[in-house]
>>> print(open('final_32.txt').read())   # compact mmCIF, C-alpha atoms
# COMPACT_ATOMS: atom_id res chain seq x y z
CA MET A 1 -40.31 263.85 -2.13
CA ARG A 2 -37.28 265.58 -3.61
CA SER A 3 -37.63 268.47 -1.17
CA LEU A 4 -37.79 265.96 1.70
CA LEU A 5 -34.58 264.28 0.57
CA ARG A 6 -32.76 267.63 0.54
CA ILE A 7 -32.95 267.86 4.33
CA TYR A 8 -30.88 265.65 6.60
CA PRO A 9 -33.81 264.14 8.58
CA GLY A 10 -35.46 263.28 5.27
CA GLN A 11 -32.32 261.44 4.17
CA LEU A 12 -32.33 259.52 7.45
CA LEU A 13 -35.99 258.66 6.91
CA ALA A 14 -35.25 257.32 3.42
CA ALA A 15 -32.34 255.26 4.77
CA PHE A 16 -34.53 253.86 7.54
CA ILE A 17 -37.30 252.91 5.10
CA ILE A 18 -34.74 250.94 3.08
CA TRP A 19 -33.38 249.27 6.25
CA TRP A 20 -36.91 248.51 7.47
CA SER A 21 -37.91 247.05 4.11
CA LEU A 22 -34.90 244.73 4.01
CA LEU A 23 -35.55 243.46 7.53
CA ALA A 24 -39.27 243.05 6.82
CA ILE A 25 -38.39 240.24 4.42
CA ALA A 26 -38.83 236.80 6.01
CA PRO A 27 -38.46 237.72 9.70
CA TRP A 28 -37.91 234.73 11.98
CA TYR A 29 -41.29 235.16 13.69
CA ARG A 30 -43.74 237.28 11.69
CA GLN A 31 -46.27 237.77 14.49
CA ASP A 32 -43.58 238.97 16.89
CA TRP A 33 -42.23 241.23 14.14
CA LEU A 34 -45.67 242.83 13.82
CA LEU A 35 -45.89 243.41 17.57
CA GLU A 36 -42.39 244.90 17.72
CA ASN A 37 -43.20 247.20 14.81
CA ILE A 38 -46.17 248.82 16.53
CA LEU A 39 -43.59 251.19 18.03
CA VAL A 40 -42.30 252.02 14.54
CA PHE A 41 -45.77 252.42 13.04
CA VAL A 42 -46.59 254.99 15.74
CA ALA A 43 -43.29 256.78 16.34
CA VAL A 44 -42.00 257.31 12.80
CA PRO A 45 -45.19 258.95 11.44
CA ALA A 46 -45.32 261.07 14.62
CA LEU A 47 -41.77 262.28 14.00
CA VAL A 48 -42.61 263.14 10.38
CA TRP A 49 -45.84 264.90 11.39
CA GLY A 50 -44.09 266.84 14.13
CA TYR A 51 -41.11 267.94 12.05
CA HIS A 52 -42.50 271.44 11.38
CA ARG A 53 -43.83 271.77 14.94
CA LEU A 54 -40.85 270.66 16.99
CA ARG A 55 -37.55 270.06 15.25
CA PHE A 56 -34.76 268.19 16.93
CA SER A 57 -31.08 268.76 16.30
CA ASN A 58 -29.39 266.71 13.60
CA LEU A 59 -27.57 264.86 16.39
CA SER A 60 -30.87 263.81 17.95
CA TYR A 61 -32.30 262.70 14.61
CA THR A 62 -29.14 260.63 14.01
CA LEU A 63 -29.42 258.97 17.42
CA ILE A 64 -33.15 258.28 16.96
CA PHE A 65 -32.36 256.73 13.57
CA SER A 66 -29.66 254.56 15.18
CA PHE A 67 -32.04 253.35 17.88
CA PHE A 68 -34.73 252.34 15.41
CA CYS A 69 -32.16 250.52 13.26
CA LEU A 70 -31.10 248.48 16.31
CA HIS A 71 -34.74 247.85 17.17
CA GLN A 72 -35.44 246.51 13.68
CA LEU A 73 -32.71 243.90 14.07
CA GLY A 74 -34.43 242.74 17.25
CA ALA A 75 -37.78 242.68 15.47
CA HIS A 76 -36.40 240.66 12.55
CA TYR A 77 -34.67 237.94 14.60
CA THR A 78 -36.65 238.33 17.86
CA TYR A 79 -34.65 239.98 20.61
CA SER A 80 -33.60 236.75 22.29
CA GLU A 81 -32.20 235.27 19.06
CA VAL A 82 -30.24 238.10 17.41
CA PRO A 83 -27.03 236.30 16.31
CA TYR A 84 -24.62 238.99 17.48
CA ARG A 85 -22.21 236.34 18.81
CA ILE A 86 -21.79 234.87 15.32
CA TRP A 87 -21.33 238.33 13.79
CA LEU A 88 -18.70 239.42 16.30
CA GLN A 89 -16.87 236.11 16.09
CA SER A 90 -16.69 236.33 12.29
CA LEU A 91 -15.40 239.92 12.51
CA PHE A 92 -13.01 239.73 15.46
CA GLY A 93 -12.39 236.03 15.98
CA PHE A 94 -13.76 235.65 19.50
CA ASP A 95 -17.07 234.87 21.20
CA ILE A 96 -18.09 237.94 23.20
CA ASN A 97 -20.24 235.90 25.59
CA ILE A 98 -17.31 233.62 26.47
CA VAL A 99 -15.04 236.62 26.98
CA LEU A 100 -17.58 238.25 29.31
CA GLY A 101 -18.49 234.96 31.00
CA ILE A 102 -22.19 235.13 30.16
CA GLU A 103 -24.60 232.70 28.52
CA ARG A 104 -27.76 234.74 27.93
CA ASN A 105 -28.39 236.64 24.69
CA HIS A 106 -28.01 240.23 25.84
CA TYR A 107 -29.11 242.03 22.68
CA ASP A 108 -32.26 243.20 24.46
CA ARG A 109 -30.15 244.77 27.21
CA LEU A 110 -28.11 246.58 24.56
CA VAL A 111 -31.25 248.04 22.99
CA HIS A 112 -32.70 249.06 26.36
CA PHE A 113 -29.39 250.78 27.13
CA SER A 114 -29.56 252.39 23.69
CA PHE A 115 -33.11 253.54 24.40
CA GLY A 116 -31.78 255.56 27.32
CA SER A 117 -28.54 256.76 25.77
CA LEU A 118 -29.72 257.46 22.20
CA LEU A 119 -33.11 259.04 22.96
CA LEU A 120 -32.00 261.16 25.93
CA PRO A 121 -30.87 264.15 23.81
CA ALA A 122 -34.26 264.31 22.06
CA CYS A 123 -36.06 264.15 25.43
CA ALA A 124 -33.85 266.98 26.71
CA GLU A 125 -34.66 269.08 23.64
CA ILE A 126 -38.41 268.49 24.05
CA LEU A 127 -38.31 269.57 27.68
CA GLU A 128 -36.19 272.63 26.93
CA ALA A 129 -38.57 273.69 24.18
CA ARG A 130 -41.82 273.09 26.08
CA ALA A 131 -41.19 273.04 29.83
CA LYS A 132 -37.92 275.01 30.09
CA PRO A 133 -36.66 273.41 33.33
CA GLU A 134 -33.97 275.34 35.18
CA LYS A 135 -30.88 274.54 37.24
CA ILE A 136 -30.54 270.90 38.27
CA TRP A 137 -33.96 270.03 36.84
CA ARG A 138 -32.53 270.44 33.33
CA PHE A 139 -30.52 267.30 34.08
CA VAL A 140 -33.03 265.41 36.23
CA PHE A 141 -36.19 265.68 34.12
CA PRO A 142 -34.81 264.17 30.88
CA VAL A 143 -33.48 261.15 32.78
CA THR A 144 -36.72 260.62 34.68
CA LEU A 145 -38.70 260.97 31.44
CA ILE A 146 -36.64 258.18 29.89
CA MET A 147 -37.11 256.05 33.01
CA ALA A 148 -40.87 256.61 32.96
CA GLN A 149 -41.09 255.64 29.29
CA SER A 150 -39.01 252.53 29.96
CA GLU A 151 -41.28 251.48 32.82
CA LEU A 152 -44.36 252.10 30.67
CA PHE A 153 -42.92 249.89 27.95
CA GLU A 154 -42.28 247.10 30.47
CA ILE A 155 -45.92 247.28 31.57
CA ILE A 156 -47.08 247.13 27.94
CA GLU A 157 -44.78 244.14 27.35
CA TRP A 158 -46.18 242.37 30.40
CA GLN A 159 -49.80 242.94 29.36
CA ALA A 160 -49.12 241.89 25.77
CA ALA A 161 -47.49 238.67 26.98
CA ILE A 162 -50.54 237.92 29.14
CA HIS A 163 -52.95 238.73 26.31
CA PHE A 164 -51.24 236.72 23.57
CA GLY A 165 -49.69 234.00 25.72
CA GLY A 166 -47.98 230.92 24.29
CA PRO A 167 -44.90 231.15 22.04
CA LEU A 168 -45.83 234.63 20.78
CA GLY A 169 -46.10 236.03 24.30
CA GLN A 170 -42.78 234.46 25.26
CA ALA A 171 -41.05 235.71 22.10
CA TYR A 172 -42.32 239.25 22.67
CA LEU A 173 -41.48 239.26 26.37
CA GLY A 174 -38.04 237.73 25.79
CA THR A 175 -37.17 237.10 29.43
CA GLN A 176 -35.06 234.01 28.60
CA GLY A 177 -35.88 232.61 32.03
CA ASP A 178 -34.68 235.67 33.98
CA ILE A 179 -37.25 236.59 36.64
CA TRP A 180 -35.63 240.02 37.03
CA ASP A 181 -35.65 240.75 33.29
CA ALA A 182 -37.98 243.78 33.51
CA GLN A 183 -35.97 245.36 36.31
CA LYS A 184 -32.66 244.80 34.51
CA ASP A 185 -34.07 246.22 31.27
CA SER A 186 -35.26 249.33 33.12
CA PHE A 187 -31.90 249.67 34.84
CA ALA A 188 -30.12 249.44 31.47
CA ALA A 189 -32.29 252.25 30.08
CA ALA A 190 -31.74 254.40 33.19
CA LEU A 191 -27.97 253.82 33.07
CA GLY A 192 -27.88 254.78 29.40
CA ALA A 193 -29.86 257.94 30.13
CA VAL A 194 -27.61 258.98 33.03
CA LEU A 195 -24.44 258.46 30.99
CA ALA A 196 -25.92 260.30 28.00
CA MET A 197 -27.01 263.19 30.21
CA GLY A 198 -23.48 263.41 31.60
CA ALA A 199 -21.98 263.40 28.11
CA LEU A 200 -24.50 265.99 26.90
CA SER A 201 -23.79 268.26 29.86
CA LEU A 202 -20.03 268.03 29.33
CA SER A 203 -20.35 268.76 25.61
CA ARG A 204 -22.51 271.82 26.31
CA ARG A 205 -20.08 273.05 28.94
CA PHE A 206 -17.19 272.59 26.54
CA ALA A 207 -19.11 274.49 23.83
CA ARG A 208 -19.74 277.39 26.24
CA LEU A 209 -16.08 277.52 27.27
CA ARG A 210 -14.98 277.46 23.65
CA ALA A 211 -17.44 280.24 22.77
CA ALA A 212 -16.17 282.31 25.69
CA GLY A 213 -12.61 281.78 24.49
CA TYR A 214 -13.49 283.02 21.01
CA GLN A 215 -15.15 286.11 22.48
CA ARG A 216 -11.99 287.00 24.45
CA ARG A 217 -10.02 286.93 21.23
>>> encode(input="final_32.txt", output="structure tokens")
Amino acid sequence: MRSLLRIYPGQLLAAFIIWWSLLAIAPWYRQDWLLENILVFVAVPALVWGYHRLRFSNLSYTLIFSFFCLHQLGAHYTYSEVPYRIWLQSLFGFDINIVLGIERNHYDRLVHFSFGSLLLPACAEILEARAKPEKIWRFVFPVTLIMAQSELFEIIEWQAAIHFGGPLGQAYLGTQGDIWDAQKDSFAAALGAVLAMGALSLSRRFARLRAAGYQRR
């Protein structure tokens, strides 16, 4: 355990376990919390198991950690009831929904956007390590991988809602009466991935230019 805590990903894992444990206490809807945490129960052990087989950059581990922390808030409160409006109003003195002219709780959109933007670097690193795409495909494949995962998750959500039905199915699906909820969620993830890919490409280009400048010196 001590050796694990000496490495940065191990420190993030310890911090996430603490965060997860706190939010596991008295969630608003325990059954929905269990459904939402299937992702965590699968993904986190997979990341630990794969650490010595495929390591991500510290940036990617930080972004993955951030995504799962956001997800745990949604699991604790249910995505449609995360009280972000109250939090922001207490911090900044205004209601973000009134400012933006919206009524719906958009925390789920934020997390879908975060799915695309925060997990894109890790997807890019996986593809570069295993598939080694070249030219424009280095930029296209990571985005399409995120989009495919987002669509798969929407299908799983839909089937889970049908299977469980009732209040649990509605809480897990979290459409809040929007018939285009799945499409908007997928769009949010795709938009996040495209923006993250652009930022990643610019940062890499800047790093190459800076390295070339050092070499000239």
>>> residues_around(input="final_32.txt", residues="stretch 5-12 of chain A", least_positions_apart="6", cutoff="9 Å", atoms="only C-alpha atoms", output="PDB file with C-alpha atoms, keeping the file's coordinate frame")
ATOM      1  CA  VAL A  48     -42.610 263.140  10.380  1.00  0.00           C
ATOM      2  CA  TYR A  51     -41.110 267.940  12.050  1.00  0.00           C
ATOM      3  CA  ASN A  58     -29.390 266.710  13.600  1.00  0.00           C
ATOM      4  CA  TYR A  61     -32.300 262.700  14.610  1.00  0.00           C
ATOM      5  CA  THR A  62     -29.140 260.630  14.010  1.00  0.00           C
ATOM      6  CA  PHE A  65     -32.360 256.730  13.570  1.00  0.00           C
TER       7      PHE A  65
END
>>> atom_distance(input="final_32.txt", atom1="atom CA of A:Leu168", atom2="atom CA of A:Ala190")
27.3 Å
>>> closest_residue(input="final_32.txt", among="A:Cys123, A:Ile17, A:Ala193, A:Glu81", to="A:Pro45", atoms="all atoms listed in the file")
A:Ile17
>>> atom_distance(input="final_32.txt", atom1="atom CA of A:Phe68", atom2="atom CA of A:Asp181")
21.3 Å
>>> residues_around(input="final_32.txt", residues="A:Ser117", least_positions_apart="2", cutoff="7 Å", atoms="only C-alpha atoms", output="list in words")
Phe113, Ser114, Phe115, Leu119, Leu120, Gly192, Ala193, Leu195 and Ala196 of chain A
>>> residues_near_point(input="final_32.txt", point="(-37.9, 257.6, 30.4)", cutoff="10 Å", atoms="only C-alpha atoms", output="MDAnalysis selection string")
chainID A and resid 115:116 119:120 123 141:153 186 189:190 193
>>> atom_distance(input="final_32.txt", atom1="atom CA of A:Arg109", atom2="atom CA of A:His76")
16.5 Å
>>> residues_around(input="final_32.txt", residues="A:Asp178", least_positions_apart="4", cutoff="12 Å", atoms="all atoms listed in the file", output="list of chain:residue names")
A:Ser80, A:Glu103, A:Arg104, A:Asn105, A:His106, A:Gln170, A:Leu173, A:Gly174, A:Ala182, A:Gln183, A:Lys184, A:Asp185
>>> closest_residue(input="final_32.txt", among="A:Trp137, A:Trp158, A:Tyr107, A:Trp87", to="A:Ala188", atoms="all atoms listed in the file")
A:Tyr107
>>> closest_residue(input="final_32.txt", among="A:Val194, A:Ile102, A:Gln159, A:Asn97", to="A:Leu118", atoms="only C-alpha atoms")
A:Val194
>>> closest_residue(input="final_32.txt", among="A:Leu47, A:Ala207, A:Ala161, A:Leu110", to="A:Leu70", atoms="all atoms listed in the file")
A:Leu110
